Every structure is written in C-alpha cells, then in structure tokens.
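Here's the structure, in structure tokens; my notes come after.
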Amino acid sequence: MELTDKIKDVLNVQTIKLELIKTAFGKPDVYLANIDPRVLMFWYLTVSILPWFTFNNTILLFIIAYTAVLAVVSRVSPLILTLLGIGIVTELFTIVIVSLVFGGGTFEATLPLLTFSMKLFIMSIASVSVFASMSPERLSDGLLSLKVPAQFSFAVSYGYRMLPILLDEYHQIFQSFRLRGKTPENHGFLKWRIVYYYILVVIKSFYPLMLNIAKRTRLTVEALEVRGFSYSLHNPEAKRVKLSYLKVSTKDYLFILTQLGILLIIWWFGNTFPS
C-alpha cells in the first residue's frame, strides 16, 4: 500500500502541472542556465548531428552517458525523463516483437534499429537538457539574435508560457464535467462503461478549451498591439536594446572548448575500441 500511495503522489495532475511549470519557466540556478542561449543552441546542434555520422556503438553509448550526465546537472524533470524512458522501452519492445513475427533473427534485426534508437535518444536527452534549462525569454531572444523571424521567436516563448496554463484550464474543465455528470451505475464487464464514460469526458473537455484558447489569444494579441508589439519586433533599435544583454563571455568560450574536447575524446576512444 505504501508503494501504491507513493506512485499516486507522483502520478497526479498537480505534480504534472508543477513539473511542467518548472520546465516551461526554466531553472535559473542550474549550470546551463548561465550559458549564452546561442552557445547552448550551437552545442545542441553539434551533439544532435554528430551521432548521424557514425555507426560505432561505442561512440553512441559514450555520448548517451555524456548527455545523461548533463541532464542530471541540468536537473531535468523526472517526469520528462520517465516519459522518455517509457518511449524508448516501448520502441525496443515493438522492434523485437515485429522481428519475431516476421521470422527474422532477433539480434540481426534489432541491432541496426537499436543503433538508430540510440541516435534518437541522444537528440531527445540533449534537447530536454538544453531547453529545460533556458527560460522562455532567453530562448526567444537567442533565436531572435540568430535572425530567426520575430514572430516565430515570440511564438516559442508564448507557447512555453501557455502550456502549464492550458493544462490547468483543461483540468478545471474536466473536473467541471465530472461534477455535473453522472457515472454509470452499472460498471459492466471490467468496468468498460466507466472507461467509456471517462473517454467521452476527455474528448468533450477539449471543445471549451479550444474556445477559451481562441478568446485568450485574441485578448493577448490586442494587449500586445496596444503596447506597440509589432513595431518593436521590426524596429532595429528596439531589437538592439532588447538583445543588448546577450554577450558571449569567457565562461561561454570555456564551455564550448570543454564540451568539444569531451566529444573529441569520445570520438577518439570509440574509433580506438570500436563496437
């Protein structure tokens, strides 16, 4: 019972909302949060692209270990890591089942797909390490300084901010449907009527949520336009003032050199002891 209670404490809507808020609003006290966002994006692209140039499993395994350490340093949400792990395990299980069904050798069929899965896992763990560390404003400003369209940069920041709010609003709508509804008295075999009832409530809850999103978006656009948002997006002087705090410092150069050195060592070791 104690284990069940602990699982219920972790897997509840309130915990998920808190984890999403921490992820969406960044973690200013972690190491990666103090690095220039442009440097972090450069590092992310390097780590994500590098595995696709090799089929050496030794290199891939060490890069996985390297990105996992950075994920721990970045204090990535356990919820996100759990979902990522479930996705990887499910994918591997599906690969094994498909290879058995079609009569191929399990090891021969699984190994190439396992290599592919490791590359995807590296990209996933690197992305959550980087983007969970940066605040939405720093990410948006970093994209803007790299000449990404201003509307896209703002959309990224706005999406980060809205995700926890939308989850909270959906939860309230779902609870209101439950409060005003009535669960079937006859549960049926294996409680299928209850499952069907909750599936309907989940689907119906999306309709008022979409209406609320449209209303909220309209209010946001009107408020931003009143404050001269469109003008500031395209005015060079306003952009210069907005991005003036972004400067590549000594610690950013040290971060680049350190991480590139680690990747070169991994590449050398993998080629020396290939798998």
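Labels used: A, B, ... for chains in the order of the structure tokens, numbers from 1 for residues in each chain, and numbers from 1 for ligands as shown.
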Determine, using only C-alpha atoms, which residues of range 171-214 of chain A have any atom at most 9 Å from an atom of range 161-166 of chain A, and tabulate each with its shortest atom pair and distance in Å to one decimal place, rows ordered by chain and then rising number, as JSON lines.
```
{"residue": "A:His171", "atom": "CA", "partner": "A:Leu166", "partner_atom": "CA", "distance": 8.5}
{"residue": "A:Leu209", "atom": "CA", "partner": "A:Leu166", "partner_atom": "CA", "distance": 7.9}
{"residue": "A:Ile213", "atom": "CA", "partner": "A:Leu166", "partner_atom": "CA", "distance": 8.0}
```
Would you output that residue set with all heavy atoms, as a compact mmCIF listing (two decimals), in the first residue's frame?
```txt
# COMPACT_ATOMS: atom_id res chain seq x y z
N HIS A 171 -7.74 20.85 -16.91
CA HIS A 171 -8.06 20.09 -15.69
C HIS A 171 -9.33 20.63 -15.04
O HIS A 171 -10.19 19.86 -14.58
CB HIS A 171 -6.88 20.18 -14.72
CG HIS A 171 -7.09 19.36 -13.48
ND1 HIS A 171 -6.75 19.83 -12.22
CD2 HIS A 171 -7.60 18.12 -13.29
CE1 HIS A 171 -7.06 18.92 -11.33
NE2 HIS A 171 -7.56 17.87 -11.94
N LEU A 209 -12.10 24.08 -24.19
CA LEU A 209 -10.71 24.51 -24.09
C LEU A 209 -10.29 25.25 -25.36
O LEU A 209 -9.62 26.30 -25.28
CB LEU A 209 -9.80 23.30 -23.86
CG LEU A 209 -8.29 23.61 -23.78
CD1 LEU A 209 -7.99 24.47 -22.56
CD2 LEU A 209 -7.49 22.32 -23.75
N ILE A 213 -8.99 29.05 -25.61
CA ILE A 213 -7.71 29.40 -26.22
C ILE A 213 -7.89 30.53 -27.23
O ILE A 213 -7.09 31.47 -27.28
CB ILE A 213 -7.09 28.17 -26.91
CG1 ILE A 213 -6.64 27.15 -25.87
CG2 ILE A 213 -5.90 28.57 -27.78
CD1 ILE A 213 -6.17 25.84 -26.47
```
If you count only C-alpha atoms, which residues fall within 12 Å of Asn212 in chain A, apart from same-chain ones fewer than 4 positions away, as a list in words? Ile165, Leu166, Glu169, Tyr170, Ile173, Ser205, Phe206, Tyr207, Pro208, Arg216, Thr217, Arg218 and Leu219 of chain A
Contacts of Tyr66 in chain A at 12 Å or less, counting only C-alpha atoms, minus same-chain residues fewer than 6 places along, as a count of residues only? 15
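Among the candidate residues A:Leu264, A:Ile35, A:Leu114, A:Ala71, the one lying nearest to Met134 in chain A is A:Ile35, with distances computed using only C-alpha atoms.
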Using only C-alpha atoms: which of A:Arg180, A:Lys242, A:His187, A:Lys247 has the shortest distance to Asn34 in chain A: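 Checking each candidate against Asn34 in chain A, we get A:Lys247 as the closest.
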Can you list, as a PyMOL selection string, every protein, DNA or RNA residue that comes within 12 Å of Leu84 in chain A when you count only C-alpha atoms, leaving out same-chain residues fewer than 2 positions away? chain A and resi 76-82+86-91+117+120-128
To one decimal in Å, tell me the separation between CA of Ser249 in chain A and CA of Leu40 in chain A.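 Going from CA of Ser249 in chain A over to CA of Leu40 in chain A, I get 13.0 Å.
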Contacts of Leu144 in chain A at 8 Å or less, counting only C-alpha atoms, minus same-chain residues fewer than 5 places along, as a ChimeraX atom specification? /A:149-150,153
Residues from last step as file, N, CA, C and O atoms, as a compact mmCIF listing (two decimals), in the first residue's frame:
```txt
# COMPACT_ATOMS: atom_id res chain seq x y z
N PRO A 149 12.89 34.66 -37.71
CA PRO A 149 11.77 35.61 -37.75
C PRO A 149 11.20 35.92 -36.36
O PRO A 149 11.05 35.01 -35.53
N ALA A 150 10.92 37.19 -36.14
CA ALA A 150 10.49 37.62 -34.80
C ALA A 150 9.20 36.95 -34.37
O ALA A 150 9.01 36.63 -33.19
N SER A 153 10.02 33.52 -33.03
CA SER A 153 10.69 33.61 -31.73
C SER A 153 9.69 33.89 -30.62
O SER A 153 9.73 33.28 -29.54
```
Selection: 10 Å around Phe177 in chain A, only C-alpha atoms, excl. self and same-chain fewer than 5 positions, as a PDB file with N, CA, C and O atoms, in the first residue's frame:
```
ATOM      1  N   HIS A 171      -7.741  20.848 -16.908  1.00  0.00           N
ATOM      2  CA  HIS A 171      -8.064  20.090 -15.688  1.00  0.00           C
ATOM      3  C   HIS A 171      -9.328  20.627 -15.037  1.00  0.00           C
ATOM      4  O   HIS A 171     -10.192  19.863 -14.581  1.00  0.00           O
ATOM      5  N   GLN A 172      -9.482  21.953 -14.992  1.00  0.00           N
ATOM      6  CA  GLN A 172     -10.676  22.552 -14.400  1.00  0.00           C
ATOM      7  C   GLN A 172     -11.931  22.209 -15.209  1.00  0.00           C
ATOM      8  O   GLN A 172     -12.994  21.910 -14.641  1.00  0.00           O
ATOM      9  N   LYS A 182     -22.726  12.252 -14.385  1.00  0.00           N
ATOM     10  CA  LYS A 182     -23.048  11.101 -13.533  1.00  0.00           C
ATOM     11  C   LYS A 182     -22.425   9.860 -14.143  1.00  0.00           C
ATOM     12  O   LYS A 182     -22.659   9.536 -15.299  1.00  0.00           O
ATOM     13  N   TYR A 198     -15.333   8.062 -19.144  1.00  0.00           N
ATOM     14  CA  TYR A 198     -14.222   8.992 -18.981  1.00  0.00           C
ATOM     15  C   TYR A 198     -13.595   9.372 -20.327  1.00  0.00           C
ATOM     16  O   TYR A 198     -13.112  10.498 -20.493  1.00  0.00           O
ATOM     17  N   VAL A 201     -15.725  12.141 -21.564  1.00  0.00           N
ATOM     18  CA  VAL A 201     -15.464  13.384 -20.831  1.00  0.00           C
ATOM     19  C   VAL A 201     -14.164  14.024 -21.297  1.00  0.00           C
ATOM     20  O   VAL A 201     -14.079  15.240 -21.474  1.00  0.00           O
ATOM     21  N   VAL A 202     -13.131  13.191 -21.527  1.00  0.00           N
ATOM     22  CA  VAL A 202     -11.851  13.703 -22.002  1.00  0.00           C
ATOM     23  C   VAL A 202     -12.011  14.387 -23.350  1.00  0.00           C
ATOM     24  O   VAL A 202     -11.474  15.474 -23.590  1.00  0.00           O
ATOM     25  N   LYS A 204     -14.892  15.608 -24.734  1.00  0.00           N
ATOM     26  CA  LYS A 204     -15.763  16.781 -24.636  1.00  0.00           C
ATOM     27  C   LYS A 204     -15.056  17.965 -23.984  1.00  0.00           C
ATOM     28  O   LYS A 204     -15.377  19.121 -24.272  1.00  0.00           O
ATOM     29  N   SER A 205     -14.087  17.697 -23.117  1.00  0.00           N
ATOM     30  CA  SER A 205     -13.386  18.782 -22.429  1.00  0.00           C
ATOM     31  C   SER A 205     -12.533  19.609 -23.382  1.00  0.00           C
ATOM     32  O   SER A 205     -12.199  20.760 -23.072  1.00  0.00           O
TER      33      SER A 205
END
```
So that I can see what lies close to Ser145 in chain A, please list as a list in words the residues with an atom at most 9 Å from it, counting only C-alpha atoms and leaving out residues fewer than 6 positions away in the same chain. Arg38, Lys239, Leu243 and Leu246 of chain A
Could those selected residues go to a file with N, CA and C atoms, as a JSON list (two decimals), in the first residue's frame?
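The result, stored in result20.json:
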```
[["chain", "number", "residue", "atom", "x", "y", "z"],
["A", 38, "ARG", "N", 22.67, 31.24, -27.36],
["A", 38, "ARG", "CA", 23.19, 30.92, -28.70],
["A", 38, "ARG", "C", 24.26, 29.83, -28.63],
["A", 239, "LYS", "N", 15.20, 46.16, -31.28],
["A", 239, "LYS", "CA", 15.85, 44.85, -31.21],
["A", 239, "LYS", "C", 17.22, 44.96, -30.55],
["A", 243, "LEU", "N", 18.24, 42.95, -27.13],
["A", 243, "LEU", "CA", 19.24, 41.88, -27.16],
["A", 243, "LEU", "C", 20.60, 42.32, -26.63],
["A", 246, "LEU", "N", 22.74, 39.99, -24.32],
["A", 246, "LEU", "CA", 23.32, 38.75, -24.83],
["A", 246, "LEU", "C", 24.75, 38.99, -25.27]]
```
I need the residues of range 9-254 of chain A that end up classed as alpha helix (DSSP H) by DSSP on the backbone, written out as a VMD selection string. chain A and resid 9 to 10 13 to 24 37 to 49 57 to 73 78 to 101 106 to 131 136 to 145 150 to 180 192 to 226 229 to 234 236 to 242 250 to 254
What's the separation between CA of Pro136 in chain A and CA of Phe174 in chain A, in Å to one decimal place?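 For CA of Pro136 in chain A relative to CA of Phe174 in chain A, the distance reads 27.9 Å.
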